[in-house]
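Below is the file work-v9.csv, which contains CSV, C-alpha atoms.
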chain,number,residue,atom,x,y,z
A,7,MET,CA,-4.9,-32.2,11.8
A,8,ARG,CA,-2.4,-29.3,11.7
A,9,GLU,CA,-4.8,-27.0,9.8
A,10,SER,CA,-7.6,-27.4,12.3
A,11,ILE,CA,-5.4,-26.6,15.3
A,12,PHE,CA,-4.5,-23.2,13.8
A,13,ALA,CA,-7.8,-22.3,12.3
A,14,ARG,CA,-8.5,-19.5,14.8
A,15,GLN,CA,-5.2,-17.7,14.3
A,16,LYS,CA,-5.3,-17.7,10.5
A,17,ALA,CA,-6.5,-14.1,10.4
A,18,LEU,CA,-3.6,-13.0,12.7
A,19,LEU,CA,-0.8,-15.1,11.2
A,20,GLY,CA,-0.6,-15.5,7.5
A,21,PRO,CA,0.7,-18.7,5.8
A,22,GLU,CA,4.2,-17.3,5.5
A,23,GLU,CA,4.3,-16.5,9.2
A,24,GLN,CA,2.8,-19.8,10.3
A,25,ALA,CA,5.4,-21.5,8.1
A,26,ARG,CA,8.2,-19.5,9.8
A,27,LEU,CA,7.0,-20.7,13.2
A,28,ARG,CA,6.8,-24.2,11.8
A,29,ALA,CA,10.4,-24.0,10.6
A,30,ALA,CA,11.8,-22.5,13.9
A,31,THR,CA,13.3,-24.1,17.0
A,32,VAL,CA,13.4,-22.3,20.3
A,33,PHE,CA,15.7,-23.1,23.2
A,34,VAL,CA,13.9,-22.7,26.5
A,35,ALA,CA,16.2,-22.6,29.6
A,36,GLY,CA,14.2,-23.4,32.7
A,37,ILE,CA,10.9,-25.3,32.5
A,38,GLY,CA,9.3,-23.9,35.7
A,39,GLY,CA,6.7,-21.2,36.2
A,40,LEU,CA,7.8,-19.2,33.2
A,41,GLY,CA,9.4,-21.8,31.0
A,42,GLY,CA,6.5,-24.3,31.2
A,43,PHE,CA,4.0,-21.6,30.1
A,44,VAL,CA,6.4,-20.4,27.3
A,45,ALA,CA,6.8,-24.0,26.0
A,46,GLU,CA,3.1,-24.7,26.0
A,47,GLY,CA,2.3,-21.3,24.4
A,48,LEU,CA,4.8,-21.8,21.6
A,49,THR,CA,3.5,-25.3,21.0
A,50,ARG,CA,0.0,-24.0,20.6
A,51,PHE,CA,1.2,-21.2,18.4
A,52,GLY,CA,2.7,-23.7,16.0
A,53,ILE,CA,6.4,-23.7,16.7
A,54,GLY,CA,8.3,-26.5,14.9
A,55,GLY,CA,10.8,-27.4,17.6
A,56,LEU,CA,11.7,-26.9,21.2
A,57,VAL,CA,14.8,-27.7,23.3
A,58,LEU,CA,13.7,-27.9,27.0
A,59,VAL,CA,16.5,-27.5,29.5
A,60,ASP,CA,16.0,-28.1,33.2
A,61,PRO,CA,17.9,-30.3,35.7
A,62,ASP,CA,15.1,-30.4,38.3
A,63,ARG,CA,12.4,-32.8,39.3
A,64,VAL,CA,8.8,-31.8,39.9
A,65,SER,CA,8.0,-31.0,43.6
A,66,PRO,CA,4.7,-30.3,45.3
A,67,SER,CA,5.5,-26.6,45.7
A,68,ASP,CA,5.7,-26.2,41.9
A,69,LEU,CA,2.1,-27.1,41.3
A,70,ASN,CA,0.6,-23.7,42.3
A,71,ARG,CA,1.9,-22.2,39.0
A,72,GLN,CA,3.8,-24.7,36.8
A,73,ILE,CA,1.1,-25.6,34.3
A,74,LEU,CA,2.8,-28.6,32.6
A,75,TYR,CA,2.8,-30.7,35.8
A,76,THR,CA,0.2,-32.5,37.9
A,77,ALA,CA,0.4,-34.3,41.2
A,78,LYS,CA,1.2,-37.6,39.6
A,79,ASP,CA,4.4,-36.0,38.1
A,80,VAL,CA,6.0,-35.2,41.5
A,81,GLY,CA,9.5,-36.7,41.6
A,82,ALA,CA,9.8,-36.9,37.8
A,83,PHE,CA,12.2,-34.8,35.7
A,84,LYS,CA,10.5,-31.6,34.6
A,85,ALA,CA,12.0,-31.6,31.1
A,86,GLN,CA,10.8,-35.2,30.4
A,87,VAL,CA,7.3,-34.6,31.8
A,88,ALA,CA,7.1,-31.4,29.8
A,89,LYS,CA,8.0,-33.2,26.6
A,90,GLU,CA,5.2,-35.7,27.1
A,91,ARG,CA,2.7,-33.1,27.8
A,92,LEU,CA,3.6,-31.0,24.8
A,93,LEU,CA,3.5,-34.0,22.5
A,94,ALA,CA,0.1,-34.7,23.8
A,95,ILE,CA,-1.0,-31.3,22.5
A,96,ARG,CA,0.8,-31.6,19.2
A,97,ASP,CA,2.3,-34.9,18.1
A,98,ASP,CA,4.1,-33.2,15.1
A,99,LEU,CA,6.3,-31.1,17.5
A,100,TRP,CA,10.0,-31.8,17.5
A,101,VAL,CA,11.1,-31.6,21.1
A,102,GLU,CA,14.2,-32.5,23.0
A,103,ALA,CA,14.3,-32.8,26.8
A,104,TRP,CA,17.7,-32.0,28.3
A,105,VAL,CA,17.9,-32.9,32.0
A,106,GLN,CA,20.9,-30.7,32.9
A,107,PRO,CA,21.6,-27.2,34.2
A,108,VAL,CA,22.7,-24.3,31.9
A,109,SER,CA,26.5,-24.0,32.2
A,110,GLU,CA,29.4,-22.7,30.2
A,111,ARG,CA,29.6,-26.1,28.5
A,112,THR,CA,26.0,-25.9,27.2
A,113,VAL,CA,25.8,-25.8,23.5
A,114,ILE,CA,22.9,-24.0,21.9
A,115,PRO,CA,22.0,-25.9,18.8
A,116,SER,CA,22.7,-24.0,15.6
A,117,GLN,CA,19.2,-24.3,14.3
A,118,THR,CA,17.9,-22.3,17.3
A,119,LYS,CA,16.1,-19.1,16.3
A,120,VAL,CA,15.5,-17.6,19.8
A,121,VAL,CA,16.7,-18.4,23.3
A,122,VAL,CA,14.2,-18.0,26.2
A,123,ASP,CA,15.5,-17.1,29.7
A,124,ALA,CA,13.1,-18.7,32.1
A,125,LEU,CA,15.7,-19.4,34.7
A,126,ASP,CA,15.5,-18.6,38.4
A,127,ASN,CA,18.9,-17.1,39.3
A,128,TRP,CA,21.1,-14.3,37.9
A,129,GLU,CA,24.3,-16.4,37.7
A,130,SER,CA,22.8,-18.9,35.3
A,131,ARG,CA,21.0,-16.1,33.4
A,132,PHE,CA,24.3,-14.3,32.8
A,133,VAL,CA,25.9,-17.6,31.6
A,134,LEU,CA,22.9,-18.1,29.2
A,135,ASP,CA,23.2,-14.6,28.0
A,136,GLU,CA,26.8,-15.1,27.1
A,137,LEU,CA,26.0,-18.4,25.3
A,138,ALA,CA,23.3,-16.6,23.3
A,139,ARG,CA,25.7,-13.8,22.4
A,140,LYS,CA,28.3,-16.3,21.2
A,141,ALA,CA,25.7,-18.2,19.2
A,142,GLY,CA,24.4,-14.9,17.7
A,143,LYS,CA,20.8,-15.5,19.0
A,144,TYR,CA,18.2,-13.3,20.4
A,145,LEU,CA,17.5,-13.8,24.2
A,146,VAL,CA,14.1,-13.1,25.6
A,147,HIS,CA,14.4,-12.6,29.3
A,148,ALA,CA,11.8,-12.5,32.1
A,149,GLY,CA,12.2,-12.6,35.9
A,150,LEU,CA,9.8,-12.2,38.7
A,151,SER,CA,9.4,-11.5,42.4
A,152,GLY,CA,6.0,-11.8,44.0
A,153,PHE,CA,3.4,-10.0,41.9
A,154,PHE,CA,6.1,-8.1,40.1
A,155,GLY,CA,8.5,-8.9,37.2
A,156,GLN,CA,10.2,-7.7,34.1
A,157,VAL,CA,10.7,-8.7,30.4
A,158,THR,CA,13.2,-7.5,27.9
A,159,THR,CA,15.0,-8.8,24.7
A,160,ILE,CA,18.7,-8.9,24.3
A,161,SER,CA,19.8,-8.8,20.7
A,162,PRO,CA,23.1,-10.4,19.5
A,163,ASP,CA,24.7,-7.1,18.8
A,164,ALA,CA,22.4,-4.0,19.2
A,165,THR,CA,21.5,-3.9,22.9
A,166,SER,CA,23.2,-4.0,26.3
A,167,ARG,CA,23.8,-7.5,27.7
A,168,LEU,CA,21.7,-8.9,30.5
A,169,LYS,CA,24.7,-8.5,33.0
A,170,ASP,CA,25.0,-4.8,32.1
A,171,ILE,CA,21.3,-4.0,32.5
A,172,PHE,CA,20.9,-6.0,35.7
A,173,ALA,CA,24.4,-5.4,37.3
A,174,GLY,CA,23.9,-5.5,41.1
A,175,ALA,CA,20.8,-7.7,40.9
A,176,ARG,CA,20.5,-10.5,43.5
A,177,GLU,CA,18.0,-13.3,44.1
A,178,GLU,CA,15.9,-13.7,47.2
A,179,GLU,CA,16.4,-16.8,49.2
A,180,ILE,CA,12.9,-18.2,48.5
A,181,PRO,CA,11.2,-16.0,45.9
A,182,SER,CA,7.4,-15.8,46.2
A,183,ALA,CA,5.7,-16.8,43.0
A,184,VAL,CA,2.1,-17.3,41.9
A,185,PHE,CA,0.4,-18.4,38.7
A,186,SER,CA,-0.8,-15.0,37.6
A,187,ILE,CA,2.6,-13.3,37.4
A,188,CYS,CA,4.2,-16.3,35.7
A,189,ALA,CA,1.3,-16.4,33.2
A,190,VAL,CA,1.5,-12.7,32.3
A,191,LEU,CA,5.3,-12.6,32.0
A,192,ALA,CA,5.5,-15.8,30.1
A,193,ALA,CA,2.7,-14.8,27.7
A,194,LEU,CA,4.7,-11.6,26.9
A,195,GLN,CA,7.8,-13.8,26.3
A,196,VAL,CA,5.8,-16.0,23.9
A,197,GLN,CA,4.5,-13.0,22.0
A,198,GLU,CA,8.0,-11.6,21.7
A,199,VAL,CA,9.4,-14.9,20.5
A,200,VAL,CA,6.6,-15.1,17.9
A,201,ASN,CA,7.2,-11.5,16.8
A,202,ILE,CA,10.9,-12.2,16.3
A,203,ILE,CA,10.5,-15.4,14.4
A,204,CYS,CA,7.7,-13.9,12.2
A,205,GLY,CA,9.8,-10.8,11.4
A,206,ARG,CA,7.6,-8.4,13.3
A,207,GLY,CA,10.1,-7.8,16.1
A,208,PRO,CA,11.9,-7.7,18.4
A,209,ARG,CA,9.7,-5.2,20.1
A,210,LEU,CA,11.4,-5.3,23.5
A,211,ALA,CA,15.0,-4.9,22.4
A,212,GLY,CA,16.3,-1.8,24.2
A,213,ARG,CA,13.2,-1.6,26.3
A,214,LEU,CA,12.4,-3.0,29.7
A,215,LEU,CA,8.8,-3.8,30.4
A,216,VAL,CA,8.2,-3.8,34.1
A,217,VAL,CA,5.0,-5.5,35.2
A,218,ASP,CA,3.1,-4.8,38.5
A,219,LEU,CA,0.1,-7.1,39.0
A,220,GLU,CA,-0.4,-5.7,42.5
A,221,HIS,CA,-1.7,-2.4,41.0
A,222,TYR,CA,-2.1,-3.5,37.4
A,223,GLY,CA,0.8,-1.4,36.1
A,224,PHE,CA,2.9,-1.8,33.0
A,225,GLU,CA,5.9,0.5,32.7
A,226,MET,CA,8.1,0.6,29.7
A,227,VAL,CA,11.6,1.8,30.5
A,228,PRO,CA,13.9,2.8,27.6
A,229,LEU,CA,17.4,1.2,27.9
A,230,VAL,CA,20.6,2.7,26.6
A,231,LYS,CA,23.5,0.6,25.4
R,25,MET,CA,13.5,18.8,37.3
R,26,VAL,CA,14.5,15.1,37.7
R,27,LYS,CA,12.0,12.4,37.2
R,28,ILE,CA,12.1,9.6,39.8
R,29,LYS,CA,10.4,6.2,39.1
R,30,LEU,CA,10.0,3.5,41.8
R,31,LEU,CA,9.3,0.1,40.3
R,32,GLY,CA,8.8,-3.5,41.4
R,33,THR,CA,8.4,-4.4,45.1
R,34,LEU,CA,9.4,-0.8,46.1
R,35,ARG,CA,5.9,0.1,45.2
R,36,LEU,CA,4.6,-1.9,48.1
R,37,ARG,CA,6.3,0.4,50.6
R,38,PHE,CA,6.6,3.8,49.0
R,39,THR,CA,4.3,6.2,47.2
R,40,PRO,CA,3.9,8.1,45.0
R,41,TRP,CA,5.7,5.8,42.5
R,42,GLU,CA,6.7,8.7,40.3
R,43,LYS,CA,7.9,12.1,41.5
R,44,GLU,CA,9.6,15.1,39.9
R,45,ILE,CA,12.3,16.6,42.0
R,46,PRO,CA,13.2,20.3,41.3
R,47,LEU,CA,16.8,20.6,40.4
R,48,LYS,CA,18.7,23.6,39.0
R,49,ASP,CA,22.1,22.0,38.7
R,50,SER,CA,23.7,18.6,38.4
R,51,LEU,CA,24.5,16.7,41.5
R,52,PRO,CA,25.8,13.3,42.4
R,53,LEU,CA,23.3,10.5,42.7
R,54,ALA,CA,24.1,9.9,46.4
R,55,GLU,CA,23.0,13.5,47.1
R,56,LEU,CA,19.8,13.0,45.1
R,57,LEU,CA,19.0,9.9,47.1
R,58,ALA,CA,19.6,11.9,50.3
R,59,LEU,CA,17.0,14.4,49.0
R,60,LEU,CA,14.6,11.5,48.3
R,61,GLU,CA,14.8,10.3,51.8
R,62,LYS,CA,12.8,13.4,52.8
R,63,GLU,CA,10.1,12.5,50.3
R,64,TYR,CA,10.2,8.8,51.0
R,65,PRO,CA,11.2,8.2,54.7
R,66,GLY,CA,12.9,4.9,55.0
R,67,LEU,CA,13.9,4.7,51.3
R,68,LEU,CA,17.7,5.1,52.0
R,69,ALA,CA,17.7,2.1,54.3
R,70,HIS,CA,16.2,0.0,51.5
R,71,LEU,CA,18.8,1.1,48.9
R,72,LEU,CA,22.1,1.6,50.8
R,73,GLU,CA,24.3,-0.4,53.1
R,74,GLY,CA,26.6,2.3,54.5
R,75,LYS,CA,27.7,4.3,51.5
R,76,GLU,CA,27.3,1.4,49.1
R,77,LEU,CA,24.3,0.3,47.0
R,78,LYS,CA,22.7,-2.7,48.5
R,79,PRO,CA,23.0,-6.0,46.6
R,80,GLY,CA,19.7,-6.5,44.7
R,81,VAL,CA,19.0,-2.8,44.0
R,82,VAL,CA,19.3,-1.6,40.4
R,83,ILE,CA,19.3,2.1,39.5
R,84,LEU,CA,19.1,3.2,35.9
R,85,VAL,CA,19.9,6.8,35.0
R,86,ASN,CA,18.5,7.6,31.6
R,87,GLY,CA,18.3,3.8,30.9
R,88,LYS,CA,21.8,2.9,31.9
R,89,ASN,CA,22.8,0.9,35.0
R,90,ILE,CA,24.8,3.1,37.4
R,91,HIS,CA,27.3,0.3,37.8
R,92,HIS,CA,28.4,1.2,34.2
R,93,LEU,CA,28.4,4.9,35.0
R,94,ALA,CA,30.0,6.3,38.1
R,95,GLY,CA,28.0,4.4,40.7
R,96,LEU,CA,26.6,6.6,43.4
R,97,GLU,CA,28.8,9.4,42.1
R,98,THR,CA,27.0,9.5,38.8
R,99,GLN,CA,26.0,13.1,38.0
R,100,VAL,CA,22.3,13.6,37.7
R,101,SER,CA,21.1,16.6,35.7
R,102,PRO,CA,17.9,18.4,35.2
R,103,GLY,CA,15.8,16.5,32.6
R,104,ASP,CA,17.2,13.1,33.6
R,105,THR,CA,15.1,10.1,34.6
R,106,VAL,CA,16.1,7.9,37.5
R,107,VAL,CA,14.5,4.4,37.8
R,108,ILE,CA,15.0,2.5,41.0
R,109,PHE,CA,13.9,-1.1,41.4
R,110,PRO,CA,14.9,-4.6,42.6
R,111,PRO,CA,14.5,-6.8,39.5
R,112,GLY,CA,12.8,-10.1,39.9
R,113,ALA,CA,15.0,-13.1,39.8
R,114,GLY,CA,12.5,-15.9,40.1
R,115,GLY,CA,11.2,-17.9,37.2

Written as structure tokens, that's how I'd like the structure from this file.
Amino acid sequence: MRESIFARQKALLGPEEQARLRAATVFVAGIGGLGGFVAEGLTRFGIGGLVLVDPDRVSPSDLNRQILYTAKDVGAFKAQVAKERLLAIRDDLWVEAWVQPVSERTVIPSQTKVVVDALDNWESRFVLDELARKAGKYLVHAGLSGFFGQVTTISPDATSRLKDIFAGAREEEIPSAVFSICAVLAALQVQEVVNIICGRGPRLAGRLLVVDLEHYGFEMVPLVK
Amino acid sequence: MVKIKLLGTLRLRFTPWEKEIPLKDSLPLAELLALLEKEYPGLLAHLLEGKELKPGVVILVNGKNIHHLAGLETQVSPGDTVVIFPPGAGG
């Protein structure tokens, strides 16, 4: 069954790279507009394991963009619904659903290869960044506002930390969010995670990719430590 | 010449998104922003509260956040690139 799922990507990922993905676990913090798409993308790419972390339940206002959930899931915990959906795509996936917020007490499992920041506020992001630093893991960040957003990778030792790059950043009270910007940013996060695990990257460490879907602009900003 | 780049939702209000400002000598960022107000009327109100940077606004000078330089007193020199944007927090 596994071979048939990945038949169309054999020309892009060799057996060794596919095996690396198969052996890797990714920690996804936030299973909303970004995190749901990231988790599904990594599952379809062939990741071996996922830890899904989100304390929230599915609400009707999530359904415009959060691809793992349907109307029948409203009221259920996102991490648990996400786990069921991902196992329906690939039943050989190892997946844990953690119904809890990211905090200083969160422990990133040692087998984690990459941490994905798909959270929705800076305070939690900076906590996650510190957890990733202490655990010695790459952190792939994305954040969005309306039709705009940004992606970058924080390395354990070679780049500035998230709190340094985004010092002064604040969240809006109710940020606007649509499917398209979530999909584009999360797809970039998926690609970066795959590149890191397969030894092709990171390609966004020390670089901030700012996305503008209003005018179809992609701007790469070099970052200095 | 200093290169100015406006990114993110600032692009909804201000054009052009990139501009080169002629500069012969270094000057503090606050003075550069005052110069920019002539090119982008209303920009200062978006960026500053009094003499402080508004929460939510990030300015990078040559790829480094000014909070880790000298803030609005950061010296900007010919050849520098100044990126101004409110990073997206949503997920």

Discussion item. Contacts from chain R to chain A, 12 Å maximum, all atoms listed in the file: show me the residue list as a PyMOL selection string.
Written reply: chain R and resi 29-36+41-42+71+76-93+95+105-115

Fill in: Polymer residues at most 9 Å from A:Tyr144, all atoms listed in the file, same-chain spacing of 2 or more positions, as a list of chain:residue names
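Using all atoms listed in the file, the neighbours found are A:Lys119, A:Val120, A:Val121, A:Val122, A:Ala138, A:Arg139, A:Gly142, A:Val146, A:Thr159, A:Ile160, A:Ser161, A:Pro162, A:Val199, A:Ile202, A:Pro208.
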
For the residues selected in the previous step, produce a file with C-alpha atoms as a compact mmCIF listing (two decimals), keeping the file's coordinate frame.
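Result file follows (selection.txt):
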# COMPACT_ATOMS: atom_id res chain seq x y z
CA LYS A 119 16.10 -19.10 16.30
CA VAL A 120 15.50 -17.60 19.80
CA VAL A 121 16.70 -18.40 23.30
CA VAL A 122 14.20 -18.00 26.20
CA ALA A 138 23.30 -16.60 23.30
CA ARG A 139 25.70 -13.80 22.40
CA GLY A 142 24.40 -14.90 17.70
CA VAL A 146 14.10 -13.10 25.60
CA THR A 159 15.00 -8.80 24.70
CA ILE A 160 18.70 -8.90 24.30
CA SER A 161 19.80 -8.80 20.70
CA PRO A 162 23.10 -10.40 19.50
CA VAL A 199 9.40 -14.90 20.50
CA ILE A 202 10.90 -12.20 16.30
CA PRO A 208 11.90 -7.70 18.40

Worksheet item: How many Å lie between atom CA of R:Thr98 and atom CA of R:Leu57, rounded to one decimal?
Response: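 So the answer is 11.5 Å.
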
Counting only C-alpha atoms, what is within 12 Å of A:Ala13, bar same-chain residues fewer than 6 positions away, as a PDB file with C-alpha atoms, in the coordinates of the input?
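File written: result-v4.pdb
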ATOM      1  CA  MET A   7      -4.900 -32.200  11.800  1.00  0.00           C
ATOM      2  CA  LEU A  19      -0.800 -15.100  11.200  1.00  0.00           C
ATOM      3  CA  GLY A  20      -0.600 -15.500   7.500  1.00  0.00           C
ATOM      4  CA  PRO A  21       0.700 -18.700   5.800  1.00  0.00           C
ATOM      5  CA  GLN A  24       2.800 -19.800  10.300  1.00  0.00           C
ATOM      6  CA  ARG A  50       0.000 -24.000  20.600  1.00  0.00           C
ATOM      7  CA  PHE A  51       1.200 -21.200  18.400  1.00  0.00           C
ATOM      8  CA  GLY A  52       2.700 -23.700  16.000  1.00  0.00           C
TER       9      GLY A  52
END

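Between atom CA of A:Glu23 and atom CA of A:Thr112 lies a distance of 29.7 Å.
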
Practice prompt. With a distance cut-off of 9 Å and only C-alpha atoms, select the neighbouring residues of R:Glu55, excluding the residue or stretch itself and same-chain residues fewer than 5 positions from it, and output the selection as a ChimeraX atom specification.
Written response: /R:60,96-97

Worksheet item: Which residues, protein or nucleic acid, reach to within 9 Å of (15.7, -23.3, 11.6) in the file's coordinates when using only C-alpha atoms, and can you give that as a VMD selection string?
Response: chain A and resid 26 28 to 31 54 to 55 116 to 119

Practice prompt. Quick one: pull the distance between atom CA of A:Lys143 and atom CA of A:Ala35, Å, one decimal.
Written response: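 That distance, rounded to one decimal, is 13.6 Å.
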
Fill in: Exercise: A:Ala82 partners within 12 Å, all atoms listed in the file, chain neighbours under 5 positions left out, as a list in words
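Near A:Ala82, the qualifying residues are Asp60, Pro61, Asp62, Arg63, Val64, Ser65, Pro66, Tyr75, Thr76, Ala77, Val87, Ala88, Lys89, Glu90 and Val105 of chain A.
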
Residues within 10 Å of (24.1, 20.7, 36.4), file coordinates, counting all atoms listed in the file: what are they? Give the list as a PDB file with C-alpha atoms, keeping the file's coordinate frame.
ATOM      1  CA  LEU R  47      16.800  20.600  40.400  1.00  0.00           C
ATOM      2  CA  LYS R  48      18.700  23.600  39.000  1.00  0.00           C
ATOM      3  CA  ASP R  49      22.100  22.000  38.700  1.00  0.00           C
ATOM      4  CA  SER R  50      23.700  18.600  38.400  1.00  0.00           C
ATOM      5  CA  LEU R  51      24.500  16.700  41.500  1.00  0.00           C
ATOM      6  CA  PRO R  52      25.800  13.300  42.400  1.00  0.00           C
ATOM      7  CA  GLN R  99      26.000  13.100  38.000  1.00  0.00           C
ATOM      8  CA  VAL R 100      22.300  13.600  37.700  1.00  0.00           C
ATOM      9  CA  SER R 101      21.100  16.600  35.700  1.00  0.00           C
ATOM     10  CA  PRO R 102      17.900  18.400  35.200  1.00  0.00           C
TER      11      PRO R 102
END

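Restricting the calculation to all atoms listed in the file, the smallest distance between A:Asn201 and any of A:Phe33, A:Leu27, A:Gln86, A:Ser10 is found for A:Leu27.
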
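Residue nearest A:Asp135, chosen from A:Lys78, A:Arg167, A:Arg71, A:Arg14 and counting all atoms listed in the file: A:Arg167.
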
Worksheet item: When distances are computed from all atoms listed in the file, which of A:Val34, A:Ala25, A:Leu48, A:Val80 shows the smallest separation from A:Val200?
Response: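 Among A:Val34, A:Ala25, A:Leu48, A:Val80, it is A:Leu48 that comes nearest to A:Val200.
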
Please reconstruct the missing atoms of stretch 135-147 of chain A (target: N, CA and C atoms) and return them as a PDB file, in the frame of the given file.
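Output file rebuild-v5.pdb is given in full below:
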ATOM      1  N   ASP A 135      23.051 -15.766  28.793  1.00  0.00           N
ATOM      2  CA  ASP A 135      23.200 -14.600  28.000  1.00  0.00           C
ATOM      3  C   ASP A 135      24.458 -14.604  27.147  1.00  0.00           C
ATOM      4  N   GLU A 136      25.535 -15.045  27.781  1.00  0.00           N
ATOM      5  CA  GLU A 136      26.800 -15.100  27.100  1.00  0.00           C
ATOM      6  C   GLU A 136      26.768 -16.229  26.001  1.00  0.00           C
ATOM      7  N   LEU A 137      26.113 -17.351  26.319  1.00  0.00           N
ATOM      8  CA  LEU A 137      26.000 -18.400  25.300  1.00  0.00           C
ATOM      9  C   LEU A 137      25.177 -17.906  24.113  1.00  0.00           C
ATOM     10  N   ALA A 138      24.108 -17.142  24.389  1.00  0.00           N
ATOM     11  CA  ALA A 138      23.300 -16.600  23.300  1.00  0.00           C
ATOM     12  C   ALA A 138      24.073 -15.622  22.452  1.00  0.00           C
ATOM     13  N   ARG A 139      24.884 -14.809  23.121  1.00  0.00           N
ATOM     14  CA  ARG A 139      25.700 -13.800  22.400  1.00  0.00           C
ATOM     15  C   ARG A 139      26.674 -14.533  21.462  1.00  0.00           C
ATOM     16  N   LYS A 140      27.357 -15.537  22.009  1.00  0.00           N
ATOM     17  CA  LYS A 140      28.300 -16.300  21.200  1.00  0.00           C
ATOM     18  C   LYS A 140      27.682 -16.977  20.019  1.00  0.00           C
ATOM     19  N   ALA A 141      26.445 -17.454  20.253  1.00  0.00           N
ATOM     20  CA  ALA A 141      25.700 -18.200  19.200  1.00  0.00           C
ATOM     21  C   ALA A 141      25.035 -17.221  18.225  1.00  0.00           C
ATOM     22  N   GLY A 142      25.015 -15.930  18.567  1.00  0.00           N
ATOM     23  CA  GLY A 142      24.400 -14.900  17.700  1.00  0.00           C
ATOM     24  C   GLY A 142      22.850 -15.031  17.698  1.00  0.00           C
ATOM     25  N   LYS A 143      22.262 -15.362  18.858  1.00  0.00           N
ATOM     26  CA  LYS A 143      20.800 -15.500  19.000  1.00  0.00           C
ATOM     27  C   LYS A 143      20.176 -14.437  19.824  1.00  0.00           C
ATOM     28  N   TYR A 144      18.924 -14.125  19.532  1.00  0.00           N
ATOM     29  CA  TYR A 144      18.200 -13.300  20.400  1.00  0.00           C
ATOM     30  C   TYR A 144      17.889 -14.018  21.737  1.00  0.00           C
ATOM     31  N   LEU A 145      17.884 -13.268  22.844  1.00  0.00           N
ATOM     32  CA  LEU A 145      17.500 -13.800  24.200  1.00  0.00           C
ATOM     33  C   LEU A 145      16.338 -13.056  24.689  1.00  0.00           C
ATOM     34  N   VAL A 146      15.264 -13.758  25.000  1.00  0.00           N
ATOM     35  CA  VAL A 146      14.100 -13.100  25.600  1.00  0.00           C
ATOM     36  C   VAL A 146      14.038 -13.435  27.056  1.00  0.00           C
ATOM     37  N   HIS A 147      14.251 -12.408  27.864  1.00  0.00           N
ATOM     38  CA  HIS A 147      14.400 -12.600  29.300  1.00  0.00           C
ATOM     39  C   HIS A 147      13.097 -12.221  30.058  1.00  0.00           C
TER      40      HIS A 147
END
